[in-house]
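Listing of coords_29.pdb, PDB, C-alpha atoms and all ligand atoms
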ATOM      1  CA  MET E  74      12.105  47.546  -8.527
ATOM      2  CA  TYR E  75      10.879  48.525  -5.051
ATOM      3  CA  ALA E  76       7.254  47.845  -5.966
ATOM      4  CA  ALA E  77       8.163  44.237  -6.752
ATOM      5  CA  GLU E  78      10.584  43.942  -3.797
ATOM      6  CA  GLY E  79      13.536  43.456  -6.119
ATOM      7  CA  VAL E  80      17.172  44.188  -5.280
ATOM      8  CA  GLY E  81      18.335  45.181  -8.763
ATOM      9  CA  LEU E  82      17.002  46.302 -12.120
ATOM     10  CA  ALA E  83      18.631  46.650 -15.522
ATOM     11  CA  ALA E  84      17.543  49.354 -17.961
ATOM     12  CA  ASN E  85      16.604  46.897 -20.689
ATOM     13  CA  GLN E  86      14.096  45.277 -18.303
ATOM     14  CA  VAL E  87      12.035  48.449 -18.489
ATOM     15  CA  GLY E  88      12.458  49.033 -22.208
ATOM     16  CA  GLU E  89      15.427  51.381 -22.074
ATOM     17  CA  SER E  90      18.239  50.529 -24.501
ATOM     18  CA  LEU E  91      20.962  51.663 -22.129
ATOM     19  CA  ARG E  92      23.742  49.756 -20.373
ATOM     20  CA  VAL E  93      22.722  50.799 -16.865
ATOM     21  CA  PHE E  94      21.570  48.963 -13.781
ATOM     22  CA  VAL E  95      20.464  50.069 -10.330
ATOM     23  CA  TYR E  96      20.677  48.136  -7.074
ATOM     24  CA  ASP E  97      19.619  48.247  -3.441
ATOM     25  CA  CYS E  98      20.900  45.008  -2.008
ATOM     26  CA  PRO E  99      22.499  43.647   1.164
ATOM     27  CA  ASP E 100      25.760  41.701   1.124
ATOM     28  CA  ASP E 101      26.927  38.773   3.282
ATOM     29  CA  GLU E 102      27.623  41.097   6.238
ATOM     30  CA  GLU E 103      24.134  42.634   6.035
ATOM     31  CA  VAL E 104      25.642  45.864   4.685
ATOM     32  CA  ARG E 105      23.178  47.606   2.375
ATOM     33  CA  HIS E 106      24.509  48.679  -1.033
ATOM     34  CA  VAL E 107      22.550  51.270  -3.005
ATOM     35  CA  GLY E 108      23.618  52.699  -6.349
ATOM     36  CA  HIS E 109      23.842  52.406 -10.088
ATOM     37  CA  VAL E 110      26.463  51.573 -12.713
ATOM     38  CA  VAL E 111      26.619  52.932 -16.257
ATOM     39  CA  ASN E 112      28.386  50.758 -18.854
ATOM     40  CA  PRO E 113      29.151  48.070 -16.260
ATOM     41  CA  ARG E 114      31.753  45.376 -16.896
ATOM     42  CA  LEU E 115      31.979  42.302 -14.695
ATOM     43  CA  VAL E 116      35.756  42.315 -14.139
ATOM     44  CA  GLU E 117      35.929  39.713 -11.361
ATOM     45  CA  ALA E 118      33.698  36.807 -10.459
ATOM     46  CA  ASP E 119      35.428  34.343  -8.201
ATOM     47  CA  GLY E 120      35.486  32.692  -4.822
ATOM     48  CA  VAL E 121      33.143  29.870  -3.999
ATOM     49  CA  VAL E 122      30.344  28.891  -6.373
ATOM     50  CA  LEU E 123      27.102  28.810  -4.410
ATOM     51  CA  ARG E 124      23.709  27.619  -5.530
ATOM     52  CA  GLY E 125      21.035  29.862  -4.093
ATOM     53  CA  PRO E 126      17.435  30.815  -4.823
ATOM     54  CA  GLU E 127      17.244  33.365  -7.596
ATOM     55  CA  GLY E 128      14.284  35.140  -9.123
ATOM     56  CA  CYS E 129      13.857  37.979 -11.564
ATOM     57  CA  LEU E 130      11.438  40.870 -11.950
ATOM     58  CA  SER E 131      11.193  39.950 -15.654
ATOM     59  CA  LEU E 132      10.053  36.408 -14.768
ATOM     60  CA  PRO E 133       7.491  37.029 -12.008
ATOM     61  CA  GLY E 134       6.565  34.137  -9.754
ATOM     62  CA  LEU E 135       9.502  31.951 -10.770
ATOM     63  CA  GLU E 136      12.544  31.005  -8.726
ATOM     64  CA  ALA E 137      15.286  28.442  -9.081
ATOM     65  CA  GLY E 138      18.507  27.443  -7.364
ATOM     66  CA  THR E 139      21.173  29.118  -9.496
ATOM     67  CA  GLU E 140      24.951  28.854  -9.232
ATOM     68  CA  ARG E 141      26.865  32.105  -8.771
ATOM     69  CA  TYR E 142      30.271  33.126  -7.501
ATOM     70  CA  ASP E 143      30.179  34.577  -3.996
ATOM     71  CA  HIS E 144      32.478  37.482  -4.912
ATOM     72  CA  ALA E 145      32.135  39.867  -7.834
ATOM     73  CA  VAL E 146      33.542  43.208  -8.950
ATOM     74  CA  VAL E 147      31.858  45.458 -11.490
ATOM     75  CA  GLU E 148      33.555  48.492 -12.992
ATOM     76  CA  GLY E 149      31.787  51.273 -14.818
ATOM     77  CA  TYR E 150      30.742  54.874 -14.394
ATOM     78  CA  THR E 151      28.329  56.969 -12.419
ATOM     79  CA  VAL E 152      25.635  58.996 -14.158
ATOM     80  CA  THR E 153      28.007  61.997 -14.005
ATOM     81  CA  GLY E 154      30.863  60.079 -15.636
ATOM     82  CA  GLU E 155      32.987  59.279 -12.596
ATOM     83  CA  PRO E 156      34.666  55.847 -12.706
ATOM     84  CA  VAL E 157      33.232  53.461 -10.148
ATOM     85  CA  SER E 158      34.226  50.021  -8.898
ATOM     86  CA  VAL E 159      31.582  48.035  -7.034
ATOM     87  CA  HIS E 160      32.596  45.036  -4.910
ATOM     88  CA  GLY E 161      30.043  42.505  -3.796
ATOM     89  CA  THR E 162      29.915  39.388  -1.672
ATOM     90  CA  GLY E 163      27.175  36.862  -1.150
ATOM     91  CA  TRP E 164      23.711  38.034  -2.132
ATOM     92  CA  PHE E 165      25.094  41.307  -3.537
ATOM     93  CA  ALA E 166      27.665  39.437  -5.667
ATOM     94  CA  ARG E 167      24.743  37.395  -7.020
ATOM     95  CA  CYS E 168      22.855  40.613  -7.787
ATOM     96  CA  LEU E 169      25.830  42.119  -9.678
ATOM     97  CA  GLN E 170      26.253  38.994 -11.817
ATOM     98  CA  HIS E 171      22.487  38.816 -12.445
ATOM     99  CA  GLU E 172      22.253  42.447 -13.619
ATOM    100  CA  CYS E 173      25.332  42.147 -15.864
ATOM    101  CA  ASP E 174      23.699  39.089 -17.458
ATOM    102  CA  HIS E 175      20.597  41.179 -18.245
ATOM    103  CA  LEU E 176      22.630  43.802 -20.088
ATOM    104  CA  ASP E 177      24.145  41.023 -22.206
ATOM    105  CA  GLY E 178      20.646  39.769 -23.030
ATOM    106  CA  GLY E 179      20.523  36.922 -20.528
ATOM    107  CA  VAL E 180      18.418  35.806 -17.585
ATOM    108  CA  TYR E 181      19.279  33.415 -14.769
ATOM    109  CA  VAL E 182      17.269  30.624 -16.406
ATOM    110  CA  ASP E 183      19.922  30.530 -19.153
ATOM    111  CA  ARG E 184      22.391  29.359 -16.490
ATOM    112  CA  LEU E 185      20.254  26.436 -15.334
ATOM    113  CA  THR E 186      20.725  22.897 -16.545
ATOM    114  CA  GLY E 187      18.984  19.564 -16.109
ATOM    115  CA  TRP E 188      15.915  19.186 -13.937
ATOM    116  CA  ARG E 189      16.190  22.698 -12.480
ATOM    117  CA  ARG E 190      15.906  24.166 -15.963
ATOM    118  CA  ARG E 191      13.081  21.796 -16.937
ATOM    119  CA  ARG E 192      11.146  22.618 -13.774
ATOM    120  CA  VAL E 193      11.372  26.391 -14.178
ATOM    121  CA  MET E 194      10.422  26.102 -17.867
ATOM    122  CA  ARG E 195       7.340  24.067 -16.875
ATOM    123  CA  GLN E 196       6.428  26.690 -14.261
ATOM    124  CA  ALA E 197       6.851  29.443 -16.860
ATOM    125  CA  ALA E 198       4.579  27.579 -19.285
ATOM    126  CA  ARG E 199       1.910  27.153 -16.595
ATOM    127  CA  ALA E 200       2.185  30.835 -15.629
ATOM    128  CA  SER E 201       1.669  31.948 -19.226
ATOM    129  CA  TRP E 202      -1.365  29.619 -19.627
ATOM    130  CA  SER E 203      -3.048  31.017 -16.540
ATOM    131  CA  ARG E 204      -2.681  34.658 -17.654
TER     132      ARG E 204
HETATM  133 ZN    ZN L 301      16.491  39.957 -13.337
END
Structure translated into structure tokens:
Amino acid sequence: MYAAEGVGLAANQVGESLRVFVYDCPDDEEVRHVGHVVNPRLVEADGVVLRGPEGCLSLPGLEAGTERYDHAVVEGYTVTGEPVSVHGTGWFARCLQHECDHLDGGVYVDRLTGWRRRRVMRQAARASWSR
């Protein structure tokens, strides 16, 4: 995650069949959040829907304006089994929603519609041709 300058990473992105993600991500107040959640559940996603640039370590080189709620709460456990509740705003709320999507088998591109989706799919096709 750090090598690629990411702010979050889900276990299934690195071939681990576990419901775990890690994060190191600032929120709207520039507060840095660092941690992990085991068996995370997105229990709240609300507030204003914002479209902001979103990329993914599993889709290198691509980015698209993606709609996300600006407030999110994830509940789960620490690696030692303690219950944990993680609250996020802004960029960190986006990160929490993004990582929960991964663990349900999704990527941000699945949330795109119309020309934004077509454009990122074209970019992905070009990227795979040039490899
Ligand atoms: Zn991702």
If you take all atoms listed in the file and a cut-off of 7 Å, which residues of chain E touch ligand ZN 301 (chain L), and what are their nearest atom pairs and distances in Å to one decimal, in chain and number order, as CSV?
residue,atom,partner,partner_atom,distance
E:Leu82,CA,L:ZN301,ZN,6.5
E:Gly128,CA,L:ZN301,ZN,6.8
E:Cys129,CA,L:ZN301,ZN,3.7
E:Leu130,CA,L:ZN301,ZN,5.3
E:Ser131,CA,L:ZN301,ZN,5.8
E:His171,CA,L:ZN301,ZN,6.2
E:Glu172,CA,L:ZN301,ZN,6.3
E:His175,CA,L:ZN301,ZN,6.5
E:Val180,CA,L:ZN301,ZN,6.2
Write the selection just made, keeping C-alpha atoms, as a PDB file, in the coordinates of the input?
ATOM      1  CA  LEU E  82      17.002  46.302 -12.120  1.00  0.00           C
ATOM      2  CA  GLY E 128      14.284  35.140  -9.123  1.00  0.00           C
ATOM      3  CA  CYS E 129      13.857  37.979 -11.564  1.00  0.00           C
ATOM      4  CA  LEU E 130      11.438  40.870 -11.950  1.00  0.00           C
ATOM      5  CA  SER E 131      11.193  39.950 -15.654  1.00  0.00           C
ATOM      6  CA  HIS E 171      22.487  38.816 -12.445  1.00  0.00           C
ATOM      7  CA  GLU E 172      22.253  42.447 -13.619  1.00  0.00           C
ATOM      8  CA  HIS E 175      20.597  41.179 -18.245  1.00  0.00           C
ATOM      9  CA  VAL E 180      18.418  35.806 -17.585  1.00  0.00           C
TER      10      VAL E 180
END
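What the PyMOL selection byres (((chain E and resi 118) around 6) and not hetatm) matches in the given file is Glu117, Asp119, Tyr142, His144 and Ala145 of chain E.
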Restricting the calculation to all atoms listed in the file, which member of E:Val107, E:Ala84, E:Val121, E:Leu132 is positioned closest to Gln196 in chain E?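 Looking only at the distances to Gln196 in chain E, the closest residue turns out to be E:Leu132.
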Output as JSON the centre and edge lengths (Å, one decimal) of the box along x, y and z of the file that holds every listed atom of range 139-150 of chain E after adding 5 Å on each side.
{"center_x": 27.4, "center_y": 41.9, "center_z": -9.4, "size_x": 22.4, "size_y": 36.0, "size_z": 20.8}
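Rounded to one decimal, CA of Gly187 in chain E and CA of Val80 in chain E lie 27.0 Å from each other.
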Residues near Val116 in chain E, anyone? I mean within 7 Å using all atoms listed in the file, not counting same-chain ones fewer than 3 positions away, as a list in words. Val146, Val147 and Glu148 of chain E
Let's have the selection written as an mmCIF file, keeping the file's coordinate frame, with C-alpha atoms.
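What landed in result10.cif:
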data_model
loop_
_atom_site.group_PDB
_atom_site.id
_atom_site.type_symbol
_atom_site.label_atom_id
_atom_site.label_comp_id
_atom_site.auth_asym_id
_atom_site.auth_seq_id
_atom_site.Cartn_x
_atom_site.Cartn_y
_atom_site.Cartn_z
ATOM 1 C CA VAL E 146 33.542 43.208 -8.950
ATOM 2 C CA VAL E 147 31.858 45.458 -11.490
ATOM 3 C CA GLU E 148 33.555 48.492 -12.992
#
Given the file shown, enumerate the residues that the PyMOL selection byres (((chain E and resi 197) around 12) and not hetatm) captures and present them as a ChimeraX atom specification. /E:131-137,182,190-196,198-204
Counting all atoms listed in the file, which of E:Pro99, E:Gly79, E:Gly108, E:Pro126 gets nearest to Val159 in chain E?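 Result for the nearest residue to Val159 in chain E: E:Gly108.
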Which of these residues is nearest to Arg189 in chain E, using only C-alpha atoms: E:Gly154, E:Gly149, E:Gly163, E:Gly138? E:Gly138
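Pairwise distance (CA of Gly125 in chain E, CA of Met74 in chain E) equals 20.3 Å.
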